[in-house]
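Structure file start-v2.txt with compact mmCIF, C-alpha atoms:
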# COMPACT_ATOMS: atom_id res chain seq x y z
CA MET D 1 101.78 112.36 127.95
CA GLY D 2 103.36 115.45 126.49
CA ILE D 3 100.10 117.09 125.69
CA ASP D 4 98.90 120.16 127.46
CA LYS D 5 96.57 123.07 127.15
CA LYS D 6 99.13 125.02 125.19
CA ASN D 7 98.82 122.56 122.37
CA HIS D 8 95.09 122.97 122.48
CA TYR D 9 94.53 119.33 123.12
CA ARG D 10 91.00 118.38 123.90
CA GLU D 11 89.09 115.19 123.97
CA PRO D 12 87.92 114.61 120.43
CA ASP D 13 84.60 116.31 120.01
CA LEU D 14 82.75 114.59 117.28
CA ASN D 15 79.62 116.60 117.49
CA THR D 16 78.51 116.20 113.94
CA GLY D 17 77.89 112.56 113.65
CA ILE D 18 80.38 110.45 115.54
CA ASP D 19 79.43 109.52 119.02
CA PRO D 20 82.68 109.78 121.03
CA HIS D 21 81.75 106.57 122.82
CA SER D 22 81.01 104.67 119.64
CA GLU D 23 83.09 101.71 118.61
CA ILE D 24 84.63 103.67 115.75
CA SER D 25 85.76 106.50 117.99
CA ARG D 26 87.17 104.18 120.61
CA ASN D 27 89.09 102.15 118.04
CA LEU D 28 90.35 105.26 116.30
CA ARG D 29 91.77 106.63 119.52
CA ALA D 30 93.19 103.24 120.55
CA VAL D 31 95.07 102.91 117.26
CA TYR D 32 96.40 106.46 117.55
CA ARG D 33 97.34 106.24 121.20
CA GLU D 34 99.32 103.11 120.63
CA VAL D 35 101.79 105.11 118.55
CA GLU D 36 101.45 108.22 120.69
CA SER D 37 102.34 106.37 123.87
CA GLU D 38 105.64 105.11 122.48
CA GLU D 39 108.76 106.83 123.70
CA ILE D 40 110.09 109.58 121.46
CA PRO D 41 112.83 107.91 119.38
CA ALA D 42 116.34 108.96 120.37
CA GLN D 43 117.07 110.10 116.81
CA PHE D 44 114.65 113.01 117.27
CA LEU D 45 116.07 114.05 120.60
CA ASP D 46 119.57 113.93 119.13
CA LEU D 47 118.49 115.92 116.12
CA LEU D 48 116.95 118.64 118.29
CA GLU D 49 120.11 118.79 120.40
CA GLN D 50 122.19 119.20 117.26
CA LEU D 51 119.95 121.90 115.84
CA ASP D 52 119.99 123.69 119.15
CA ALA D 53 123.77 123.45 119.49
CA ALA D 54 124.31 124.65 115.92
CA GLU D 55 122.09 127.63 116.58
CA ARG D 56 123.84 128.50 119.82
CA SER D 57 127.29 128.42 118.24
CA GLN D 58 125.98 130.50 115.34
CA SER D 59 124.50 133.19 117.59
CA LYS D 60 127.73 133.22 119.58
CA LYS D 61 129.63 133.93 116.38
CA ASP D 62 127.14 136.62 115.45
CA THR D 63 127.65 138.50 118.69
CA GLU D 64 131.42 138.33 118.51
CA MET L 1 120.40 133.91 129.15
CA THR L 2 119.56 135.95 126.12
CA GLU L 3 116.04 136.47 124.93
CA GLY L 4 116.78 134.53 121.77
CA SER L 5 117.81 131.36 123.53
CA GLU L 6 114.75 131.48 125.80
CA THR L 7 112.54 131.61 122.74
CA THR L 8 114.45 128.71 121.26
CA ASN L 9 114.01 126.70 124.47
CA SER L 10 110.29 127.13 124.62
CA PHE L 11 110.03 126.41 120.90
CA LYS L 12 111.97 123.21 121.45
CA ARG L 13 109.86 122.26 124.47
CA GLU L 14 106.60 122.72 122.61
CA LEU L 15 107.92 120.85 119.62
CA LEU L 16 108.88 117.92 121.87
CA GLN L 17 105.44 117.91 123.44
CA ALA L 18 103.77 117.68 120.07
CA LEU L 19 106.07 114.93 118.75
CA PRO L 20 104.14 111.86 120.00
CA SER L 21 100.98 113.04 118.33
CA LEU L 22 102.86 114.11 115.21
CA ARG L 23 104.31 110.59 114.90
CA ALA L 24 100.91 109.03 115.28
CA PHE L 25 99.58 111.30 112.54
CA ALA L 26 102.54 110.44 110.28
CA MET L 27 101.82 106.75 110.84
CA SER L 28 98.24 107.25 109.80
CA LEU L 29 99.34 108.97 106.59
CA ILE L 30 102.16 106.65 105.63
CA GLY L 31 101.67 103.45 107.53
CA ASN L 32 105.11 102.03 107.84
CA SER L 33 106.92 103.28 110.89
CA HIS L 34 110.30 103.71 109.23
CA ASN L 35 108.93 106.06 106.56
CA ALA L 36 106.75 107.80 109.12
CA ASP L 37 109.79 108.60 111.23
CA ASP L 38 111.64 109.90 108.17
CA LEU L 39 108.74 112.21 107.57
CA VAL L 40 108.76 113.37 111.19
CA GLN L 41 112.50 113.98 110.97
CA ASP L 42 112.07 116.15 107.86
CA THR L 43 109.27 117.99 109.61
CA ILE L 44 111.44 118.76 112.64
CA MET L 45 114.16 120.19 110.41
CA LYS L 46 111.73 122.26 108.37
CA ALA L 47 109.97 123.52 111.49
CA TRP L 48 113.28 124.44 113.07
CA ALA L 49 114.37 126.37 109.98
CA LYS L 50 111.03 128.20 109.93
CA GLN L 51 110.74 128.84 113.64
CA ASP L 52 110.85 132.60 113.17
CA SER L 53 107.58 132.36 111.30
CA PHE L 54 105.89 130.60 114.21
CA GLU L 55 104.14 132.84 116.71
CA MET L 56 104.67 131.54 120.23
CA GLY L 57 101.39 131.06 121.99
CA THR L 58 99.54 129.96 118.88
CA ASN L 59 98.80 126.35 118.11
CA MET L 60 102.19 124.67 117.64
CA LYS L 61 100.61 121.28 117.14
CA ALA L 62 98.46 122.45 114.22
CA TRP L 63 101.45 124.28 112.74
CA LEU L 64 103.60 121.14 112.86
CA PHE L 65 100.83 118.96 111.46
CA THR L 66 100.48 121.37 108.54
CA ILE L 67 104.21 121.23 107.78
CA LEU L 68 104.23 117.44 108.01
CA ARG L 69 101.21 117.07 105.79
CA ASN L 70 102.53 119.50 103.14
CA ASN L 71 105.82 117.66 103.19
CA PHE L 72 104.08 114.31 102.80
CA TYR L 73 101.99 115.37 99.83
CA SER L 74 104.82 117.14 98.03
CA LYS L 75 106.88 113.94 98.34
CA MET L 76 103.98 111.90 97.06
CA ARG L 77 103.71 114.19 94.07
CA THR L 78 107.37 113.91 93.17
CA ARG L 79 107.89 110.23 93.92
CA GLY L 80 104.47 108.84 93.31
CA ARG L 81 102.81 106.60 95.80
CA GLU L 82 105.02 103.78 96.95
CA VAL L 83 103.66 100.29 96.79
CA GLN L 84 102.68 99.16 100.24
CA ASP L 85 102.12 95.61 101.31
CA SER L 86 98.47 95.08 102.02
CA ASP L 87 99.12 94.15 105.62
CA GLY L 88 101.40 97.09 106.22
CA LEU L 89 100.22 100.51 107.31
CA PHE L 90 98.87 100.68 110.82
CA THR L 91 98.44 96.91 110.83
CA GLU L 92 102.12 96.15 111.20
CA ARG L 93 102.14 97.51 114.71
CA LEU L 94 99.77 94.89 116.00
CA SER L 95 102.56 92.38 116.48
CA VAL L 96 103.93 94.58 119.26
CA HIS L 97 100.94 93.95 121.50
CA PRO L 98 99.65 90.47 120.76
CA GLU L 99 98.75 89.91 124.37
CA GLN L 100 96.42 92.89 124.48
CA HIS L 101 92.83 91.99 125.04
CA GLY L 102 90.65 92.93 122.10
CA ALA L 103 93.66 93.14 119.79
CA MET L 104 91.77 91.17 117.16
CA ASP L 105 89.17 93.91 116.90
CA LEU L 106 91.86 96.57 116.69
CA LYS L 107 93.58 94.72 113.87
CA ASP L 108 90.33 94.58 111.91
CA PHE L 109 89.82 98.23 112.59
CA ARG L 110 93.28 99.16 111.33
CA LYS L 111 92.70 97.22 108.15
CA ALA L 112 89.42 99.00 107.61
CA LEU L 113 91.06 102.36 108.29
CA ASP L 114 93.82 101.62 105.79
CA THR L 115 91.31 100.95 103.04
CA LEU L 116 89.86 104.47 103.27
CA PRO L 117 90.89 107.07 100.67
CA ASP L 118 93.75 109.22 102.01
CA ASP L 119 91.65 112.37 102.33
CA GLN L 120 88.96 110.62 104.35
CA ARG L 121 91.42 108.80 106.57
CA GLU L 122 93.34 111.95 107.44
CA ALA L 123 90.12 113.83 108.16
CA ILE L 124 88.75 111.25 110.56
CA VAL L 125 92.15 110.84 112.24
CA LEU L 126 92.65 114.59 112.73
CA VAL L 127 89.19 115.12 114.17
CA GLY L 128 88.58 111.79 115.85
CA ALA L 129 92.02 111.01 117.30
CA SER L 130 94.42 113.97 117.11
CA GLY L 131 91.95 116.17 118.94
CA PHE L 132 91.56 118.94 116.37
CA SER L 133 88.37 120.83 115.77
CA TYR L 134 86.81 120.74 112.31
CA GLU L 135 88.09 124.29 111.77
CA GLU L 136 91.66 123.36 112.69
CA ALA L 137 91.53 120.22 110.55
CA ALA L 138 90.28 122.31 107.62
CA GLU L 139 93.23 124.68 108.03
CA ILE L 140 95.70 121.82 108.22
CA CYS L 141 94.26 120.24 105.06
CA HIS L 142 93.83 123.57 103.23
CA CYS L 143 90.16 123.01 102.57
CA ALA L 144 86.75 124.21 103.68
CA VAL L 145 85.24 123.16 107.01
CA GLY L 146 82.31 121.61 105.13
CA THR L 147 84.72 119.47 103.13
CA ILE L 148 86.28 118.10 106.31
CA LYS L 149 82.85 117.39 107.74
CA SER L 150 81.77 115.48 104.69
CA ARG L 151 85.04 113.53 104.55
CA VAL L 152 84.67 112.57 108.21
CA SER L 153 81.11 111.55 107.63
CA ARG L 154 81.96 109.42 104.60
CA ALA L 155 84.88 107.86 106.46
CA ARG L 156 82.58 106.98 109.34
CA ASP L 157 80.00 105.45 107.01
CA SER L 158 82.64 103.35 105.23
CA LEU L 159 84.11 102.16 108.52
CA GLN L 160 80.70 101.16 109.77
CA VAL L 161 80.07 99.14 106.64
CA LEU L 162 83.52 97.56 106.72
CA LEU L 163 83.35 96.67 110.39
CA LYS L 164 79.90 95.19 110.06
CA ILE L 165 81.07 92.98 107.24
CA GLU L 166 83.88 91.80 109.49
CA SER L 167 81.59 90.94 112.33
CA GLU L 168 79.07 89.19 110.11
CA SER L 169 81.68 86.92 108.63
CA ASP L 170 83.18 86.30 112.06
CA TYR L 171 80.06 85.57 114.00
CA GLY L 172 77.44 84.59 111.45
CA PRO L 173 74.07 86.17 110.73
CA ASP L 174 73.32 87.01 114.37
CA ALA L 175 75.93 89.73 114.20
CA VAL L 176 73.61 91.70 111.93
CA SER L 177 71.00 92.06 114.59
CA ILE L 178 73.67 92.89 117.16
CA SER L 179 74.98 95.71 115.02
CA GLN L 180 71.49 96.94 114.34
CA VAL L 181 70.79 97.07 118.07
CA ARG L 182 74.07 98.86 118.57
CA ASP L 183 73.19 101.39 115.88
CA SER L 184 69.82 102.09 117.39
CA LEU L 185 71.55 102.71 120.74
CA VAL L 186 74.05 105.06 119.16
CA LYS L 187 71.48 107.09 117.29
Here is the file; what I need is its structure written in the form of structure tokens.
Amino acid sequence: MGIDKKNHYREPDLNTGIDPHSEISRNLRAVYREVESEEIPAQFLDLLEQLDAAERSQSKKDTE
Amino acid sequence: MTEGSETTNSFKRELLQALPSLRAFAMSLIGNSHNADDLVQDTIMKAWAKQDSFEMGTNMKAWLFTILRNNFYSKMRTRGREVQDSDGLFTERLSVHPEQHGAMDLKDFRKALDTLPDDQREAIVLVGASGFSYEEAAEICHCAVGTIKSRVSRARDSLQVLLKIESESDYGPDAVSISQVRDSLVK
């Protein structure tokens, strides 16, 4: 999964009332992870490529 | 490589890393996956345009969640809430994994989650599934930490009630004593 320390991911800490092992917590994470574990749709990767390319060509122009 | 393009690369990398979680959050706000992905797409473009205002090394995920959430609520304000089919929201995704053991329970859970008021649902999702602290969730939702705590607590209470009702109707009166035993174990 693309989650690392940089993104400050931690196991949900529900210290004020929700037991992390409770049925609610488990279900909540299961529902969320189902979406999270899907592959990133190609449209987003394409979009980022386009934004990146546009920026590169712009900065090239700027330095010329 | 210039310094600028290195910054752009690491910005892009971090954005990509946060995307799966951002999509899951968008789904929890909006429900239907098509609209959720539209919202994520808008968020990527806004975040890209504002990348100079992001300080590398700070919490990119929280920053993106804030942009997505602001975007979602400003759209809601201008368009008004769209009518959603009652089985939509998170529930629609169940059909993808019908073979999964325990999928019945998850479907009931999704339905219960979808019935929560928006502010309670987002609070319990941010803290209970996205992995944010109460403080971070409060920043993302522009409210006090105490407000987030009380929303999470009310969401939890509602879910408990809703899920108990489900199990009682599914399994008959014995389910009451089962849930009471479970509660006493949890407490």
| task | In Å, rounded to a single decimal, give me how far CA of Asp114 in chain L is from CA of Lys164 in chain L. | result |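 So the answer is 15.9 Å.
If you measure from each of L:Gln160, L:Asn35, L:Thr7, L:Gln17 to chain D using all atoms listed in the file, the closest one turns out to be L:Gln17.
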| field | Between CA of Phe132 in chain L and CA of Asn59 in chain L - distance in Å to one decimal | value |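 Interatomic distance, CA of Asn59 in chain L to CA of Phe132 in chain L: 10.5 Å.
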Closest-contact table, chain L side, partner chain D, 6 Å, counting all atoms listed in the file, as a Markdown table:
| residue | atom | partner | partner_atom | distance |
| --- | --- | --- | --- | --- |
| L:Gln17 | CA | D:Gly2 | CA | 4.4 |
| L:Pro20 | CA | D:Glu36 | CA | 4.6 |
| L:Ser21 | CA | D:Glu36 | CA | 5.4 |
| L:Ala24 | CA | D:Val35 | CA | 5.2 |
| L:Asn59 | CA | D:Asn7 | CA | 5.7 |
| L:Lys61 | CA | D:Asn7 | CA | 5.7 |
| L:Gly128 | CA | D:Pro12 | CA | 5.4 |
| L:Ala129 | CA | D:Arg29 | CA | 4.9 |
| L:Gly131 | CA | D:Pro12 | CA | 4.6 |
For those residues, write C-alpha atoms to a file as a short mmCIF file (atom, residue, chain, number, x, y, z; two decimals), in the coordinates of the input.
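Now in selection-v3.cif:
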data_model
loop_
_atom_site.label_atom_id
_atom_site.label_comp_id
_atom_site.auth_asym_id
_atom_site.auth_seq_id
_atom_site.Cartn_x
_atom_site.Cartn_y
_atom_site.Cartn_z
CA GLN L 17 105.44 117.91 123.44
CA PRO L 20 104.14 111.86 120.00
CA SER L 21 100.98 113.04 118.33
CA ALA L 24 100.91 109.03 115.28
CA ASN L 59 98.80 126.35 118.11
CA LYS L 61 100.61 121.28 117.14
CA GLY L 128 88.58 111.79 115.85
CA ALA L 129 92.02 111.01 117.30
CA GLY L 131 91.95 116.17 118.94
#
| task | Could you check how far CA of Gln41 in chain L sits from CA of Ala26 in chain L, in Å to one decimal? | result |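 CA of Ala26 in chain L lies 10.6 Å from CA of Gln41 in chain L.
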| said: With distances taken over only C-alpha atoms, which residue among L:Phe109, L:Arg151, L:Asp119, L:Leu29 lies nearest Tyr134 in chain L? | reply: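 Closest residue, counting only C-alpha atoms: L:Arg151.
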